[in-house]
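*Asks:* For reference, the structure I am asking about is given below.
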Amino acid sequence: ASNQVEIKPKVSGEVLYVGVKNGQEVWAGNLIAQIDSGDAQKAVRDAETNLETAKLSYEKLVKPATTLEMLQAENALTQAQTNLEKSYDDGFNTVSNSFIDLPSVMSDLNSVLFGTTISQNGGQTNIAAYADMIKSYDDSVLRFKESAELKYAAARNAYDKSFLSYRATSRTSDSATIKSLAGETYNTAKTVADAAKSASDMLGFVKDKLTEKNLAIPSSLTTHQTTLSSASSKINSHLSSLLSVKNSISSCEYSIQEKTESLSVLKDGADAFDVRSAQISINQKEDALLDAKEKLSDYYVRAPFDGQI
């Protein structure tokens, strides 16, 4: 013999077919044996599917926008702009409604804390009088008193600033001004709600201590608690509305950005980077298919040259 080779398959598995016998002459490429290739065939099918999917994605990406798609994108942008205008209008309405109740809430807070309905001689504020009722039993009431005073001061400053902003703004003001006013009013409402809670906490503490010591509870304390409860209910309702309108404005602004970008993409066509990325994906899927087919061929053992088995 001029050449001799021992043939071994490149893969392992169950032998399904042997097509030669000892001493048989064969020619280059003749099938000698076949190994079960079910998994390899599936890998080829999967690779073909992946390649087809990549090609479809590429075709969709580079396909020019239709007249209908352009019209739909333009309508979507117009609707988003309309929604934004409405959200600004709703924002101003919500702020206006808040300032219907905010003045009375601030007045109630001031009356409860710094009125002189409890003092016999009219010289002591209510908050000081309430603190004096129980500080000999528990001086931690002074911390409640200090907190209530500080938070009321913060609420008063925020309210005064927001009210000036509101007075300087109208329904015809620019969108940035209305958006800023809505945010400022929301923050003010939070500060006022915090002040009302702090005042209510103090009165609740005073009432608990008086009850604990079996002391008489002034009727004014119950009245003031009711006033604070009503104020908190009003401000919390406005807080919810203000937060909702703030989120609505932000959502509508984002929607316009999104719709504008979508329309721009339709007009300009696919981004060059995205097209290149899609082309690379196709190349990768083609390579994967070639690899799968090469592995599949390993399951078929063939004669490398003419000769005798």
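All residue names refer to the structure tokens as shown: chains lettered A, B, ... in order, residues numbered from 1 in each chain, ligands numbered from 1 in order.
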Using only C-alpha atoms, what table do you get, as JSON lines, when you list each residue of range 157-227 of chain A with an atom no more than 9 Å from range 80-88 of chain A, its nearest pair of atoms, and their distance in Å rounded to one decimal, rows by chain then rising number?
*Replies:*
{"residue": "A:Arg171", "atom": "CA", "partner": "A:Tyr88", "partner_atom": "CA", "distance": 8.7}
{"residue": "A:Ser175", "atom": "CA", "partner": "A:Tyr88", "partner_atom": "CA", "distance": 6.5}
{"residue": "A:Ile178", "atom": "CA", "partner": "A:Tyr88", "partner_atom": "CA", "distance": 6.6}
{"residue": "A:Lys179", "atom": "CA", "partner": "A:Tyr88", "partner_atom": "CA", "distance": 7.0}
*Asks:* How would the residues just chosen look if you wrote them out with C-alpha atoms as a compact mmCIF listing (two decimals), in the first residue's frame?
*Replies:*
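Wrote it out as part_12.txt, contents follow:
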# COMPACT_ATOMS: atom_id res chain seq x y z
CA ARG A 171 -53.22 80.55 34.01
CA SER A 175 -45.24 76.16 31.41
CA ILE A 178 -46.61 76.69 36.38
CA LYS A 179 -44.56 73.52 36.81
*Asks:* Skipping near chain neighbours, those fewer than 4 positions away, what residues fall within 12 Å of Lys42 in chain A using only C-alpha atoms, listed as a PDB file with N, CA, C and O atoms, in the first residue's frame?
*Replies:*
ATOM      1  N   ASP A  36     -25.424   8.524  15.544  1.00  0.00           N
ATOM      2  CA  ASP A  36     -26.679   9.227  15.848  1.00  0.00           C
ATOM      3  C   ASP A  36     -26.427  10.734  15.939  1.00  0.00           C
ATOM      4  O   ASP A  36     -25.664  11.202  16.790  1.00  0.00           O
ATOM      5  N   SER A  37     -27.065  11.503  15.067  1.00  0.00           N
ATOM      6  CA  SER A  37     -26.802  12.952  14.961  1.00  0.00           C
ATOM      7  C   SER A  37     -28.029  13.797  15.309  1.00  0.00           C
ATOM      8  O   SER A  37     -28.136  14.941  14.870  1.00  0.00           O
ATOM      9  N   GLY A  38     -28.948  13.241  16.090  1.00  0.00           N
ATOM     10  CA  GLY A  38     -30.184  13.973  16.417  1.00  0.00           C
ATOM     11  C   GLY A  38     -29.927  15.327  17.048  1.00  0.00           C
ATOM     12  O   GLY A  38     -30.505  16.342  16.624  1.00  0.00           O
ATOM     13  N   ASP A  46     -31.793  25.093  14.861  1.00  0.00           N
ATOM     14  CA  ASP A  46     -31.843  26.277  15.729  1.00  0.00           C
ATOM     15  C   ASP A  46     -31.006  27.411  15.148  1.00  0.00           C
ATOM     16  O   ASP A  46     -31.410  28.589  15.182  1.00  0.00           O
ATOM     17  N   ALA A  47     -29.831  27.072  14.625  1.00  0.00           N
ATOM     18  CA  ALA A  47     -28.958  28.093  14.046  1.00  0.00           C
ATOM     19  C   ALA A  47     -29.604  28.718  12.816  1.00  0.00           C
ATOM     20  O   ALA A  47     -29.489  29.928  12.581  1.00  0.00           O
ATOM     21  N   GLU A  48     -30.293  27.908  12.005  1.00  0.00           N
ATOM     22  CA  GLU A  48     -30.990  28.428  10.831  1.00  0.00           C
ATOM     23  C   GLU A  48     -32.112  29.387  11.244  1.00  0.00           C
ATOM     24  O   GLU A  48     -32.314  30.431  10.624  1.00  0.00           O
ATOM     25  N   THR A  49     -32.847  29.016  12.301  1.00  0.00           N
ATOM     26  CA  THR A  49     -33.928  29.874  12.798  1.00  0.00           C
ATOM     27  C   THR A  49     -33.380  31.200  13.318  1.00  0.00           C
ATOM     28  O   THR A  49     -33.943  32.272  13.044  1.00  0.00           O
ATOM     29  N   LEU A 289     -24.198  29.044  12.233  1.00  0.00           N
ATOM     30  CA  LEU A 289     -24.786  28.014  11.380  1.00  0.00           C
ATOM     31  C   LEU A 289     -23.701  27.163  10.725  1.00  0.00           C
ATOM     32  O   LEU A 289     -23.818  25.927  10.647  1.00  0.00           O
ATOM     33  N   ALA A 292     -22.385  24.792  13.260  1.00  0.00           N
ATOM     34  CA  ALA A 292     -23.330  23.705  13.532  1.00  0.00           C
ATOM     35  C   ALA A 292     -23.289  22.663  12.418  1.00  0.00           C
ATOM     36  O   ALA A 292     -23.352  21.456  12.671  1.00  0.00           O
ATOM     37  N   LYS A 293     -23.175  23.130  11.149  1.00  0.00           N
ATOM     38  CA  LYS A 293     -23.122  22.201  10.022  1.00  0.00           C
ATOM     39  C   LYS A 293     -21.823  21.403  10.023  1.00  0.00           C
ATOM     40  O   LYS A 293     -21.805  20.207   9.687  1.00  0.00           O
ATOM     41  N   LYS A 295     -20.090  20.588  12.659  1.00  0.00           N
ATOM     42  CA  LYS A 295     -20.201  19.583  13.722  1.00  0.00           C
ATOM     43  C   LYS A 295     -21.112  18.439  13.295  1.00  0.00           C
ATOM     44  O   LYS A 295     -20.877  17.277  13.657  1.00  0.00           O
ATOM     45  N   LEU A 296     -22.150  18.774  12.522  1.00  0.00           N
ATOM     46  CA  LEU A 296     -23.048  17.733  12.028  1.00  0.00           C
ATOM     47  C   LEU A 296     -22.299  16.767  11.105  1.00  0.00           C
ATOM     48  O   LEU A 296     -22.529  15.547  11.140  1.00  0.00           O
TER      49      LEU A 296
END
*Asks:* Would you pick out the contacts of Asn3 in chain A at 12 Å or less, using only C-alpha atoms, so that residues sharing its chain but fewer than 6 positions from it are not included, and give the list as a PyMOL selection string?
*Replies:* chain A and resi 304-308
*Asks:* For the residues in that selection, give me N, CA and C atoms as a PDB file, in the first residue's frame.
*Replies:*
ATOM      1  N   PRO A 304     -11.227   8.962   3.424  1.00  0.00           N
ATOM      2  CA  PRO A 304     -10.442  10.165   3.083  1.00  0.00           C
ATOM      3  C   PRO A 304      -9.829  10.080   1.700  1.00  0.00           C
ATOM      4  N   PHE A 305      -9.665   8.870   1.155  1.00  0.00           N
ATOM      5  CA  PHE A 305      -9.097   8.717  -0.179  1.00  0.00           C
ATOM      6  C   PHE A 305      -9.501   7.343  -0.715  1.00  0.00           C
ATOM      7  N   ASP A 306      -9.242   7.082  -1.999  1.00  0.00           N
ATOM      8  CA  ASP A 306      -9.559   5.784  -2.592  1.00  0.00           C
ATOM      9  C   ASP A 306      -8.697   4.721  -1.935  1.00  0.00           C
ATOM     10  N   GLY A 307      -9.327   3.553  -1.683  1.00  0.00           N
ATOM     11  CA  GLY A 307      -8.513   2.467  -1.108  1.00  0.00           C
ATOM     12  C   GLY A 307      -9.375   1.287  -0.694  1.00  0.00           C
ATOM     13  N   GLN A 308      -8.767   0.449   0.136  1.00  0.00           N
ATOM     14  CA  GLN A 308      -9.424  -0.797   0.580  1.00  0.00           C
ATOM     15  C   GLN A 308      -9.558  -0.793   2.079  1.00  0.00           C
TER      16      GLN A 308
END
*Asks:* Could you name the residues that touch Glu69 in chain A at 12 Å or less, counting only C-alpha atoms, but leaving out those on the same chain fewer than 5 positions away, as a list in words?
*Replies:*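 Those residues are Lys63, Pro64, Glu74, Asn75, Ala76, Ser262, Leu263, Val265, Leu266 and Lys267 of chain A.
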*Asks:* Let me see the file: selected residues, N, CA, C and O atoms, as an mmCIF file, in the first residue's frame.
*Replies:*
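See again.cif below for the written result:
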data_model
loop_
_atom_site.group_PDB
_atom_site.id
_atom_site.type_symbol
_atom_site.label_atom_id
_atom_site.label_comp_id
_atom_site.auth_asym_id
_atom_site.auth_seq_id
_atom_site.Cartn_x
_atom_site.Cartn_y
_atom_site.Cartn_z
ATOM 1 N N LYS A 63 -36.106 49.144 6.706
ATOM 2 C CA LYS A 63 -37.276 49.398 5.874
ATOM 3 C C LYS A 63 -37.788 50.820 6.093
ATOM 4 O O LYS A 63 -37.991 51.244 7.231
ATOM 5 N N PRO A 64 -38.004 51.590 5.043
ATOM 6 C CA PRO A 64 -38.501 52.975 5.196
ATOM 7 C C PRO A 64 -39.892 52.989 5.840
ATOM 8 O O PRO A 64 -40.685 52.064 5.665
ATOM 9 N N GLU A 74 -46.966 61.158 14.056
ATOM 10 C CA GLU A 74 -47.280 62.585 14.171
ATOM 11 C C GLU A 74 -48.502 62.797 15.059
ATOM 12 O O GLU A 74 -48.538 63.730 15.878
ATOM 13 N N ASN A 75 -49.502 61.948 14.904
ATOM 14 C CA ASN A 75 -50.705 62.051 15.749
ATOM 15 C C ASN A 75 -50.377 61.772 17.214
ATOM 16 O O ASN A 75 -50.933 62.416 18.120
ATOM 17 N N ALA A 76 -49.495 60.812 17.440
ATOM 18 C CA ALA A 76 -49.101 60.481 18.815
ATOM 19 C C ALA A 76 -48.389 61.659 19.469
ATOM 20 O O ALA A 76 -48.621 61.961 20.650
ATOM 21 N N SER A 262 -39.236 59.188 18.478
ATOM 22 C CA SER A 262 -39.785 58.156 17.587
ATOM 23 C C SER A 262 -40.061 58.722 16.195
ATOM 24 O O SER A 262 -39.755 58.088 15.183
ATOM 25 N N LEU A 263 -40.629 59.936 16.158
ATOM 26 C CA LEU A 263 -40.918 60.564 14.874
ATOM 27 C C LEU A 263 -39.631 60.889 14.124
ATOM 28 O O LEU A 263 -39.542 60.709 12.902
ATOM 29 N N VAL A 265 -36.800 59.295 14.344
ATOM 30 C CA VAL A 265 -36.238 58.044 13.833
ATOM 31 C C VAL A 265 -36.941 57.622 12.551
ATOM 32 O O VAL A 265 -36.304 57.180 11.586
ATOM 33 N N LEU A 266 -38.274 57.785 12.511
ATOM 34 C CA LEU A 266 -39.019 57.424 11.311
ATOM 35 C C LEU A 266 -38.622 58.305 10.132
ATOM 36 O O LEU A 266 -38.499 57.833 8.996
ATOM 37 N N LYS A 267 -38.424 59.597 10.387
ATOM 38 C CA LYS A 267 -38.067 60.512 9.311
ATOM 39 C C LYS A 267 -36.646 60.286 8.813
ATOM 40 O O LYS A 267 -36.387 60.303 7.609
#
*Asks:* May I ask for the distance between CA of Ala303 in chain A and CA of Asp287 in chain A, given in Å to one decimal place?
*Replies:*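 One can read the CA of Ala303 in chain A to CA of Asp287 in chain A distance as 26.6 Å.
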*Asks:* Between CA of Val141 in chain A and CA of Ser230 in chain A, what distance in Å does the model show, to one decimal?
*Replies:* 23.2 Å
*Asks:* Give me, as a PDB file with N, CA, C and O atoms, in the first residue's frame, all polymer residues having an atom no more than 8 Å from range 270-281 of chain A, counting only C-alpha atoms and skipping those fewer than 4 positions away in the same chain.
*Replies:*
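What ended up in around_24.pdb:
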ATOM      1  N   ALA A  54     -32.540  37.073  12.657  1.00  0.00           N
ATOM      2  CA  ALA A  54     -31.631  38.220  12.553  1.00  0.00           C
ATOM      3  C   ALA A  54     -31.827  38.958  11.232  1.00  0.00           C
ATOM      4  O   ALA A  54     -31.794  40.189  11.176  1.00  0.00           O
ATOM      5  N   SER A  57     -35.063  40.974  11.398  1.00  0.00           N
ATOM      6  CA  SER A  57     -34.871  42.166  12.233  1.00  0.00           C
ATOM      7  C   SER A  57     -34.130  43.249  11.454  1.00  0.00           C
ATOM      8  O   SER A  57     -34.455  44.441  11.553  1.00  0.00           O
ATOM      9  N   TYR A  58     -33.141  42.832  10.672  1.00  0.00           N
ATOM     10  CA  TYR A  58     -32.382  43.790   9.869  1.00  0.00           C
ATOM     11  C   TYR A  58     -33.283  44.436   8.809  1.00  0.00           C
ATOM     12  O   TYR A  58     -33.251  45.658   8.613  1.00  0.00           O
ATOM     13  N   LEU A  61     -35.514  46.916  10.327  1.00  0.00           N
ATOM     14  CA  LEU A  61     -34.786  48.101  10.772  1.00  0.00           C
ATOM     15  C   LEU A  61     -34.535  49.072   9.626  1.00  0.00           C
ATOM     16  O   LEU A  61     -34.690  50.290   9.783  1.00  0.00           O
ATOM     17  N   VAL A  62     -34.153  48.553   8.463  1.00  0.00           N
ATOM     18  CA  VAL A  62     -33.779  49.428   7.345  1.00  0.00           C
ATOM     19  C   VAL A  62     -34.964  49.770   6.438  1.00  0.00           C
ATOM     20  O   VAL A  62     -34.835  50.583   5.515  1.00  0.00           O
ATOM     21  N   VAL A 265     -36.800  59.295  14.344  1.00  0.00           N
ATOM     22  CA  VAL A 265     -36.238  58.044  13.833  1.00  0.00           C
ATOM     23  C   VAL A 265     -36.941  57.622  12.551  1.00  0.00           C
ATOM     24  O   VAL A 265     -36.304  57.180  11.586  1.00  0.00           O
ATOM     25  N   LEU A 266     -38.274  57.785  12.511  1.00  0.00           N
ATOM     26  CA  LEU A 266     -39.019  57.424  11.311  1.00  0.00           C
ATOM     27  C   LEU A 266     -38.622  58.305  10.132  1.00  0.00           C
ATOM     28  O   LEU A 266     -38.499  57.833   8.996  1.00  0.00           O
ATOM     29  N   LYS A 285     -24.677  35.014  13.383  1.00  0.00           N
ATOM     30  CA  LYS A 285     -25.604  33.885  13.208  1.00  0.00           C
ATOM     31  C   LYS A 285     -25.179  33.004  12.033  1.00  0.00           C
ATOM     32  O   LYS A 285     -25.354  31.777  12.072  1.00  0.00           O
TER      33      LYS A 285
END
*Asks:* Which is closer to Val245 in chain A than all the others in A:Ala73, A:Leu181, A:Ala158, A:Ile100, using only C-alpha atoms?
*Replies:*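 Of A:Ala73, A:Leu181, A:Ala158, A:Ile100, the one nearest Val245 in chain A is A:Leu181, counting only C-alpha atoms.
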*Asks:* Run DSSP on the backbone and give me the residues of range 138-190 of chain A it puts in alpha helix (DSSP H), as a PyMOL selection string.
*Replies:* chain A and resi 141-167+175-190
*Asks:* Using only C-alpha atoms, pick whichever of A:Leu221, A:Val301, A:Val206, A:Ile309 has the shortest atom-to-atom distance to Lys21 in chain A.
*Replies:* A:Ile309
*Asks:* Quick one: everything within 12 Å of Pro218 in chain A, counting only C-alpha atoms, minus sequence neighbours fewer than 3 positions away in the same chain. Send it as a ChimeraX atom specification.
*Replies:* /A:117-119,126,129-130,133,203,206-207,210-211,215,221-225
